[in-house]
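*Asks:* The structure file protein.txt (compact mmCIF, C-alpha atoms) is provided below.
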# COMPACT_ATOMS: atom_id res chain seq x y z
CA GLY Z 1 0.00 0.00 0.00
CA ASN Z 2 0.96 3.65 -0.02
CA ILE Z 3 0.77 4.03 3.76
CA GLY Z 4 2.55 2.09 6.48
CA ILE Z 5 5.93 0.46 5.92
CA PRO Z 6 7.97 2.44 3.35
CA LEU Z 7 9.35 0.76 0.23
CA SER Z 8 12.88 1.65 1.31
CA ALA Z 9 12.50 -0.78 4.25
CA PHE Z 10 12.17 -3.64 1.76
CA VAL Z 11 14.63 -2.53 -0.91
CA LYS Z 12 17.59 -2.43 1.47
CA ASP Z 13 17.17 -6.19 2.05
CA GLY Z 14 16.37 -6.99 -1.58
CA LYS Z 15 18.09 -9.79 -3.42
CA PRO Z 16 18.39 -10.49 -7.14
CA ASN Z 17 15.12 -11.73 -8.66
CA TYR Z 18 13.01 -10.46 -5.76
CA ILE Z 19 9.45 -9.68 -6.78
CA LEU Z 20 7.96 -6.60 -5.18
CA VAL Z 21 4.22 -5.98 -5.33
CA LEU Z 22 3.38 -2.35 -4.61
CA GLU Z 23 0.37 -0.07 -4.57
CA ILE Z 24 1.53 3.25 -5.99
CA SER Z 25 -0.67 6.33 -5.78
CA GLY Z 26 -0.88 9.18 -8.27
CA HIS Z 27 0.72 11.35 -5.60
CA GLN Z 28 3.73 9.03 -5.40
CA LEU Z 29 4.03 8.74 -9.18
CA HIS Z 30 4.10 12.54 -9.39
CA ASP Z 31 7.24 12.57 -7.25
CA MET Z 32 9.01 9.61 -8.90
CA PRO Z 33 9.82 10.58 -12.50
CA HIS Z 34 12.16 7.62 -13.05
CA PHE Z 35 9.98 4.91 -11.49
CA LYS Z 36 9.89 1.73 -13.62
CA THR Z 37 7.90 -1.47 -13.30
CA ASN Z 38 7.77 -4.64 -15.34
CA ILE Z 39 4.08 -5.25 -14.74
CA SER Z 40 1.66 -2.43 -13.95
CA VAL Z 41 -2.07 -2.45 -13.27
CA MET Z 42 -4.56 0.35 -13.78
CA THR Z 43 -7.86 -0.70 -12.27
CA ASN Z 44 -9.78 2.51 -12.93
CA LEU Z 45 -9.70 6.24 -13.38
CA SER Z 46 -12.34 8.53 -11.90
CA GLU Z 47 -12.56 12.14 -10.84
CA VAL Z 48 -10.72 12.07 -7.52
CA HIS Z 49 -7.84 14.02 -5.97
CA ILE Z 50 -8.69 17.10 -8.02
CA ASP Z 51 -7.82 19.19 -4.94
CA HIS Z 52 -4.20 18.05 -5.34
CA PHE Z 53 -3.86 17.76 -9.13
CA GLY Z 54 -6.02 20.74 -10.11
CA THR Z 55 -7.80 18.99 -12.98
CA TYR Z 56 -8.94 15.51 -13.84
CA GLU Z 57 -6.65 15.60 -16.86
CA ASN Z 58 -3.61 16.22 -14.60
CA TYR Z 59 -4.72 13.38 -12.33
CA MET Z 60 -5.01 10.97 -15.28
CA LYS Z 61 -1.63 12.10 -16.60
CA ASN Z 62 0.01 11.41 -13.22
CA LYS Z 63 -1.64 8.00 -12.81
CA SER Z 64 -0.48 7.06 -16.32
CA ARG Z 65 3.14 7.74 -15.38
CA ILE Z 66 3.28 4.16 -14.16
CA PHE Z 67 3.63 3.16 -17.83
CA GLN Z 68 5.99 5.94 -18.97
CA HIS Z 69 9.15 3.81 -18.93
CA HIS Z 70 7.52 0.62 -20.19
CA THR Z 71 8.79 -1.11 -23.29
CA ASN Z 72 7.11 -3.78 -25.39
CA LYS Z 73 8.61 -6.32 -22.93
CA ASP Z 74 6.57 -4.89 -20.03
CA ILE Z 75 2.94 -5.68 -19.17
CA ALA Z 76 0.00 -3.33 -18.62
CA ILE Z 77 -3.09 -4.88 -17.02
CA LEU Z 78 -6.03 -2.62 -17.82
CA ASN Z 79 -9.75 -2.31 -17.12
CA LEU Z 80 -11.59 -2.79 -20.40
CA GLU Z 81 -14.77 -1.31 -18.86
CA ASN Z 82 -13.21 2.05 -17.93
CA ASN Z 83 -13.14 4.29 -21.01
CA ASP Z 84 -10.68 6.71 -19.43
CA VAL Z 85 -8.23 3.87 -18.71
CA CYS Z 86 -8.48 2.66 -22.30
CA ASN Z 87 -8.11 6.16 -23.77
CA GLN Z 88 -5.27 7.14 -21.46
CA THR Z 89 -3.26 4.00 -22.27
CA LYS Z 90 -3.93 3.64 -25.99
CA ASP Z 91 -0.40 4.78 -26.94
CA ILE Z 92 1.68 3.04 -24.26
CA LYS Z 93 4.38 0.61 -25.42
CA SER Z 94 3.44 -2.17 -22.99
CA LYS Z 95 1.85 -5.46 -23.92
CA LYS Z 96 -1.77 -4.93 -22.85
CA ILE Z 97 -3.88 -7.44 -20.95
CA TYR Z 98 -7.50 -6.39 -20.47
CA PHE Z 99 -9.79 -7.53 -17.67
CA SER Z 100 -13.57 -7.24 -17.50
CA SER Z 101 -16.31 -8.21 -15.10
CA LYS Z 102 -18.95 -7.57 -17.79
CA ASN Z 103 -17.59 -8.69 -21.17
CA LYS Z 104 -15.19 -11.16 -22.68
CA ALA Z 105 -11.61 -9.92 -22.41
CA ASP Z 106 -8.19 -11.49 -21.86
CA ILE Z 107 -9.36 -12.28 -18.33
CA TYR Z 108 -13.07 -12.15 -17.55
CA LEU Z 109 -16.05 -13.43 -15.56
CA LYS Z 110 -18.34 -16.02 -17.12
CA ASP Z 111 -20.76 -18.52 -15.58
CA ASN Z 112 -19.65 -17.59 -12.04
CA ALA Z 113 -15.99 -18.29 -12.75
CA ILE Z 114 -12.87 -16.36 -13.73
CA TYR Z 115 -11.31 -17.24 -17.10
CA TYR Z 116 -7.84 -16.29 -18.29
CA TYR Z 117 -7.56 -16.53 -22.08
CA ASP Z 118 -10.56 -18.89 -22.03
CA GLU Z 119 -8.96 -21.17 -19.42
CA LYS Z 120 -11.10 -21.53 -16.31
CA ILE Z 121 -9.01 -20.51 -13.30
CA ILE Z 122 -11.42 -20.54 -10.34
CA ASP Z 123 -15.11 -20.63 -9.47
CA ILE Z 124 -16.32 -17.51 -7.69
CA GLU Z 125 -17.84 -19.65 -4.92
CA ASP Z 126 -14.30 -20.74 -4.03
CA ILE Z 127 -13.22 -17.14 -3.39
CA ARG Z 128 -13.71 -15.85 0.14
CA ILE Z 129 -13.79 -12.10 -0.47
CA LYS Z 130 -16.95 -10.55 -1.85
CA GLY Z 131 -17.83 -7.81 -4.32
CA VAL Z 132 -17.32 -7.21 -8.02
CA HIS Z 133 -14.48 -4.77 -7.30
CA ASN Z 134 -12.65 -7.57 -5.46
CA LEU Z 135 -13.22 -9.95 -8.38
CA GLU Z 136 -11.73 -7.32 -10.69
CA ASN Z 137 -8.74 -6.96 -8.36
CA ILE Z 138 -8.40 -10.75 -8.35
CA MET Z 139 -8.40 -10.77 -12.16
CA CYS Z 140 -5.53 -8.28 -12.08
CA ALA Z 141 -3.63 -10.40 -9.58
CA ILE Z 142 -4.19 -13.57 -11.61
CA SER Z 143 -2.97 -11.80 -14.76
CA ALA Z 144 0.21 -10.65 -13.01
CA CYS Z 145 0.78 -14.10 -11.49
CA LYS Z 146 0.40 -15.79 -14.86
CA GLN Z 147 3.08 -13.46 -16.30
CA ILE Z 148 5.64 -14.76 -13.82
CA GLY Z 149 4.67 -18.40 -14.13
CA ILE Z 150 2.59 -19.01 -11.01
CA ASP Z 151 0.67 -22.28 -11.34
CA ASN Z 152 -3.15 -22.34 -11.21
CA ILE Z 153 -3.03 -24.69 -8.21
CA VAL Z 154 -1.17 -22.05 -6.19
CA ILE Z 155 -3.50 -19.28 -7.40
CA LYS Z 156 -6.59 -21.28 -6.38
CA GLU Z 157 -5.11 -22.18 -2.99
CA VAL Z 158 -4.31 -18.57 -2.13
CA LEU Z 159 -7.66 -17.23 -3.35
CA SER Z 160 -9.59 -19.87 -1.40
CA LYS Z 161 -7.81 -18.84 1.82
CA PHE Z 162 -7.42 -15.07 1.44
CA ALA Z 163 -10.02 -13.35 3.62
CA GLY Z 164 -9.24 -9.79 2.55
CA VAL Z 165 -7.88 -6.93 4.55
CA GLU Z 166 -9.23 -5.57 7.81
CA HIS Z 167 -12.31 -3.33 7.56
CA ARG Z 168 -12.70 -3.79 3.77
CA ILE Z 169 -15.87 -5.86 3.42
CA GLU Z 170 -14.38 -8.07 6.11
CA PHE Z 171 -16.52 -11.13 6.88
CA VAL Z 172 -17.59 -11.17 10.53
CA ASP Z 173 -20.12 -13.98 10.96
CA LYS Z 174 -23.05 -15.85 9.46
CA ILE Z 175 -26.17 -16.04 11.58
CA ASN Z 176 -28.89 -18.24 10.14
CA THR Z 177 -28.90 -17.20 6.48
CA ARG Z 178 -27.49 -13.69 6.94
CA GLU Z 179 -23.86 -12.79 6.46
CA PHE Z 180 -22.36 -9.81 8.30
CA TYR Z 181 -19.43 -7.74 7.04
CA ASN Z 182 -17.32 -4.97 8.55
CA ASP Z 183 -16.84 -2.22 5.98
Starting from the file, lay out its structure as structure tokens.

*Replies:*
Amino acid sequence: GNIGIPLSAFVKDGKPNYILVLEISGHQLHDMPHFKTNISVMTNLSEVHIDHFGTYENYMKNKSRIFQHHTNKDIAILNLENNDVCNQTKDIKSKKIYFSSKNKADIYLKDNAIYYYDEKIIDIEDIRIKGVHNLENIMCAISACKQIGIDNIVIKEVLSKFAGVEHRIEFVDKINTREFYND
């Protein structure tokens, strides 16, 4: 995430071939002109943080900086359903992988399951966390994992155990037929 333990705390202990998974905000990207990733995800763009960036256009420009040093060897995982994401990334050099919770894409939802290039990865009922936004995040994670060779068995095992993060549609209990969540 972009709060809590700083990246520098991890980098100092880094070893060759370490894989770092980071959440980078538009604010951070603004201050890191040379930042480079191999795989980047853009889940959505919407009119937020205008107080800091002045305009929505400036916000989108800053968020898109995550792709600015990409080459055709790098991966961009993008939300097919967000027009601003698609428009903002149309000229990036990255190989593009599109996800969708509504339509067929490179990774998509169909018949209550997640498919990656038409290969069924996992049934939604086997995923503990709830909500379409979480399924979209899972599609992004699966796409990134597939790029680095993570086996479907490992992906399924992690997704069937991962209960989410505290206070984010966090399952509390089931009483009779009702489920209760802390959000």

*Asks:* Report as a list in words all protein, DNA and RNA residues lying within 12 Å of Z:Ser25, evaluated on only C-alpha atoms, omitting residues in the same chain fewer than 4 positions from it.

*Replies:* Gly1, Asn2, Ile3, Leu29, His30, Asp31, Met32, Val41, Met42, Thr43, Leu45, Val48, His49, Tyr59, Met60, Asn62, Lys63, Ser64, Arg65 and Ile66 of chain Z

*Asks:* Any chance you could tabulate, as a Markdown table, the residues of stretch 51-84 of chain Z at most 7 Å from stretch 99-116 of chain Z with each one's nearest atom pair and distance in Å to one decimal, using only C-alpha atoms, in chain and rising number order?

*Replies:*
| residue | atom | partner | partner_atom | distance |
| --- | --- | --- | --- | --- |
| Z:Leu78 | CA | Z:Phe99 | CA | 6.2 |
| Z:Asn79 | CA | Z:Phe99 | CA | 5.2 |
| Z:Leu80 | CA | Z:Ser100 | CA | 5.7 |
| Z:Glu81 | CA | Z:Ser100 | CA | 6.2 |

*Asks:* With all atoms listed in the file as the atoms that count, which of Z:Glu47, Z:Ile92, Z:Asn38, Z:Gly26 lies nearest to Z:Lys61?

*Replies:*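 Checking each of Z:Glu47, Z:Ile92, Z:Asn38, Z:Gly26 against Z:Lys61, counting all atoms listed in the file, the winner is Z:Gly26.
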
*Asks:* Any idea what the distance is between atom CA of Z:Asp74 and atom CA of Z:Ile148?

*Replies:* 11.7 Å

*Asks:* Please list as a list of chain:residue names every residue within 10 Å of Z:Arg168, counting only C-alpha atoms and excluding residues in the same chain fewer than 6 positions away.

*Replies:*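 Close residues of Z:Arg168: Z:Ile129, Z:Lys130, Z:Asn134, Z:Tyr181, Z:Asn182, Z:Asp183.
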
*Asks:* Using only C-alpha atoms, which protein or nucleic acid residues come within 9 Å of Z:Asn152? Drop anything in the same chain fewer than 6 positions from it, and give the result as a PyMOL selection string.

*Replies:* chain Z and resi 121-122+142+146

*Asks:* Using Å and a single decimal, report how far atom CA of Z:Ser46 sits from atom CA of Z:Glu166.

*Replies:* 24.4 Å

*Asks:* Would you kindly return, as a PyMOL selection string, each protein, DNA or RNA residue with an atom no farther than 7 Å from any atom of Z:Ile75, considering all atoms listed in the file and excluding same-chain residues fewer than 2 positions away?

*Replies:* chain Z and resi 38-40+73+77+94-96

*Asks:* Go ahead and fit an axis-aligned box to every listed atom of stretch 149-159 of chain Z plus 5 Å each side, and pass me the centre and edge lengths in Å, one decimal, as lines of an AutoDock Vina configuration file.

*Replies:*
center_x = -1.5
center_y = -21.0
center_z = -8.1
size_x = 22.3
size_y = 17.5
size_z = 22.0

*Asks:* Suppose you want the space between atom CA of Z:Ala76 and atom CA of Z:Leu7; what is it in Å?

*Replies:* 21.4 Å

*Asks:* List every protein, DNA or RNA residue that has at least one atom no more than 12 Å from (-20.6, -10.8, 6.4) in the file's coordinates, counting all atoms listed in the file, and write the result as a list in words.

*Replies:*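 The residues that fall inside the cut-off are Arg128, Ile129, Lys130, Gly131, Ala163, His167, Arg168, Ile169, Glu170, Phe171, Val172, Asp173, Lys174, Ile175, Asn176, Thr177, Arg178, Glu179, Phe180, Tyr181, Asn182 and Asp183 of chain Z.
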
*Asks:* How close does stretch 120-154 of chain Z get to stretch 158-162 of chain Z? List, as CSV, each residue of stretch 120-154 of chain Z within 7 Å, its nearest atom pair and the distance in Å to one decimal, counting all atoms listed in the file.

*Replies:*
residue,atom,partner,partner_atom,distance
Z:Asp126,CA,Z:Ser160,CA,5.5
Z:Ile127,CA,Z:Ser160,CA,5.0
Z:Arg128,CA,Z:Ser160,CA,6.0
Z:Val154,CA,Z:Val158,CA,6.2

*Asks:* Please save C-alpha atoms of the selected residues as a PDB file, keeping the file's coordinate frame.

*Replies:*
ATOM      1  CA  ASP Z 126     -14.300 -20.740  -4.030  1.00  0.00           C
ATOM      2  CA  ILE Z 127     -13.220 -17.140  -3.390  1.00  0.00           C
ATOM      3  CA  ARG Z 128     -13.710 -15.850   0.140  1.00  0.00           C
ATOM      4  CA  VAL Z 154      -1.170 -22.050  -6.190  1.00  0.00           C
TER       5      VAL Z 154
END

*Asks:* Rank nothing, just name the residue among Z:Lys156, Z:His34, Z:Lys15, Z:His70 nearest to Z:Lys120, using all atoms listed in the file.

*Replies:* Z:Lys156

*Asks:* Of the candidates Z:Gln28, Z:Asn58, Z:Asn44, Z:Gln68, which one gets nearest to Z:Asn82 if we count all atoms listed in the file?

*Replies:*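 Checking each candidate against Z:Asn82, we get Z:Asn44 as the closest.
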